[in-house]
Amino acid sequence: MTNLGRAAIVPVACMWLIAAGCTPAPATSNTPESGSPMPSSIVDPYLKIQSALASDSMDEVKSSAGEIATASAPLGAPAFKIGTAAAQLTSAVELPDARQKFAGLSAAIITYMDGLHLTPPEGVHVASCAEANQQWLQNGETVTNPYDRSSTCGTIR
């Protein structure tokens with residue numbers, strides 16, 4: 001092949017690779033439809049973790065994170081980051097580490113919800129704290145910050 005032939009192939013191949021890297025992960029038969037609520041199999045154990053951390057407790061953090069990791073697997077590739085973040089949270093032993101790993105799980109869940117245009121279940125809201133630069137899901141409209149129990153920082157969207 002001549003250099004001219006190679007020169008024509010390389011840009012086309014590079015554009016194909018770039019385009020392939022930007023395509024969304026394929027949905028599965030278990031991927032929730034746009035507009036439906038986020039699966040309770042993810043949200044219910046997540047809320048247990050959020051509540052525990054807001055109370056400066058590690059109770060149920062590891063077991064609930066394990067439930068999320070298991071529940072995310074059937075949701076396929078779109079939920080891969082949720083499962084990974086939940087699995088990482090199962091190894092947390094102290095509050096600061098749990099909170100850091102919870103931030104990763106929160107980001108993965110909120111990104112999944114936003115990307116698939118899912119809604120939180122009734123009564124569940126997305127909250128954020130500018131001081132902590134974090135978001136989370138929580139029950140009710142009174143901010144319960146899982147990143148700092150004493151902090152009243154937070155807004156509900």
# chains A, B, ... in the order shown; residues from 1 in each chain; ligands from 1

call {"tool": "residues_around", "arguments": {"residues": "Val124 in chain A", "least_positions_apart": "2", "cutoff": "10 Å", "atoms": "only C-alpha atoms", "output": "ChimeraX atom specification"}}
result
/A:43,47,119-122,126-127,137-141

call {"tool": "write_last_selection", "arguments": {"atoms": "N, CA and C atoms", "output": "PDB file, in the first residue's frame"}}
result
ATOM      1  N   VAL A  43     -32.557   2.254  45.151  1.00  0.00           N
ATOM      2  CA  VAL A  43     -32.835   3.422  45.988  1.00  0.00           C
ATOM      3  C   VAL A  43     -33.032   3.050  47.463  1.00  0.00           C
ATOM      4  N   LEU A  47     -30.807   4.687  50.421  1.00  0.00           N
ATOM      5  CA  LEU A  47     -31.341   5.590  51.435  1.00  0.00           C
ATOM      6  C   LEU A  47     -30.948   5.149  52.847  1.00  0.00           C
ATOM      7  N   THR A 119     -36.927   9.161  37.210  1.00  0.00           N
ATOM      8  CA  THR A 119     -37.349  10.033  38.302  1.00  0.00           C
ATOM      9  C   THR A 119     -37.044   9.338  39.629  1.00  0.00           C
ATOM     10  N   PRO A 120     -36.797  10.125  40.676  1.00  0.00           N
ATOM     11  CA  PRO A 120     -36.663   9.493  41.991  1.00  0.00           C
ATOM     12  C   PRO A 120     -38.027   8.962  42.415  1.00  0.00           C
ATOM     13  N   PRO A 121     -38.068   7.932  43.252  1.00  0.00           N
ATOM     14  CA  PRO A 121     -39.362   7.459  43.762  1.00  0.00           C
ATOM     15  C   PRO A 121     -40.055   8.579  44.539  1.00  0.00           C
ATOM     16  N   GLU A 122     -41.348   8.440  44.730  1.00  0.00           N
ATOM     17  CA  GLU A 122     -42.117   9.467  45.438  1.00  0.00           C
ATOM     18  C   GLU A 122     -41.515   9.737  46.816  1.00  0.00           C
ATOM     19  N   VAL A 126     -33.284  14.846  45.141  1.00  0.00           N
ATOM     20  CA  VAL A 126     -31.850  15.042  44.965  1.00  0.00           C
ATOM     21  C   VAL A 126     -31.474  16.284  45.752  1.00  0.00           C
ATOM     22  N   ALA A 127     -30.496  16.141  46.622  1.00  0.00           N
ATOM     23  CA  ALA A 127     -30.004  17.261  47.421  1.00  0.00           C
ATOM     24  C   ALA A 127     -28.552  17.506  47.059  1.00  0.00           C
ATOM     25  N   LEU A 137     -29.170  11.499  47.176  1.00  0.00           N
ATOM     26  CA  LEU A 137     -30.614  11.295  47.246  1.00  0.00           C
ATOM     27  C   LEU A 137     -30.992  11.197  48.713  1.00  0.00           C
ATOM     28  N   GLN A 138     -32.184  11.679  49.041  1.00  0.00           N
ATOM     29  CA  GLN A 138     -32.661  11.572  50.411  1.00  0.00           C
ATOM     30  C   GLN A 138     -34.172  11.591  50.434  1.00  0.00           C
ATOM     31  N   ASN A 139     -34.727  11.066  51.528  1.00  0.00           N
ATOM     32  CA  ASN A 139     -36.165  11.152  51.771  1.00  0.00           C
ATOM     33  C   ASN A 139     -36.482  12.526  52.323  1.00  0.00           C
ATOM     34  N   GLY A 140     -37.598  13.083  51.900  1.00  0.00           N
ATOM     35  CA  GLY A 140     -38.091  14.333  52.466  1.00  0.00           C
ATOM     36  C   GLY A 140     -37.376  15.563  51.944  1.00  0.00           C
ATOM     37  N   GLU A 141     -37.891  16.712  52.379  1.00  0.00           N
ATOM     38  CA  GLU A 141     -37.373  17.989  51.901  1.00  0.00           C
ATOM     39  C   GLU A 141     -36.541  18.737  52.929  1.00  0.00           C
TER      40      GLU A 141
END

call {"tool": "select_by_dssp", "arguments": {"residues": "range 38-130 of chain A", "states": "helix (DSSP H, G or I)", "output": "VMD selection string"}}
result
chain A and resid 40 to 54 61 to 75 77 to 89 95 to 116

call {"tool": "residues_around", "arguments": {"residues": "range 92-106 of chain A", "least_positions_apart": "5", "cutoff": "10 Å", "atoms": "only C-alpha atoms", "output": "ChimeraX atom specification"}}
result
/A:46,49-50,52-54,56-58,61-62,65,68,81-87,111-112,126,132-137,146-148

call {"tool": "atom_distance", "arguments": {"atom1": "CA of Cys129 in chain A", "atom2": "CA of Asn145 in chain A"}}
result
7.7 Å

call {"tool": "closest_residue", "arguments": {"among": "A:Ser63, A:Thr142, A:Ser72, A:Ser55", "to": "Met38 in chain A", "atoms": "only C-alpha atoms"}}
result
A:Ser72

call {"tool": "select_by_dssp", "arguments": {"residues": "range 3-157 of chain A", "states": "strand (DSSP E or B)", "output": "JSON, numbers by chain"}}
result
{"A": [37, 119, 124, 125, 126, 127, 128, 129, 134, 135, 136, 137, 138, 139, 155, 156]}
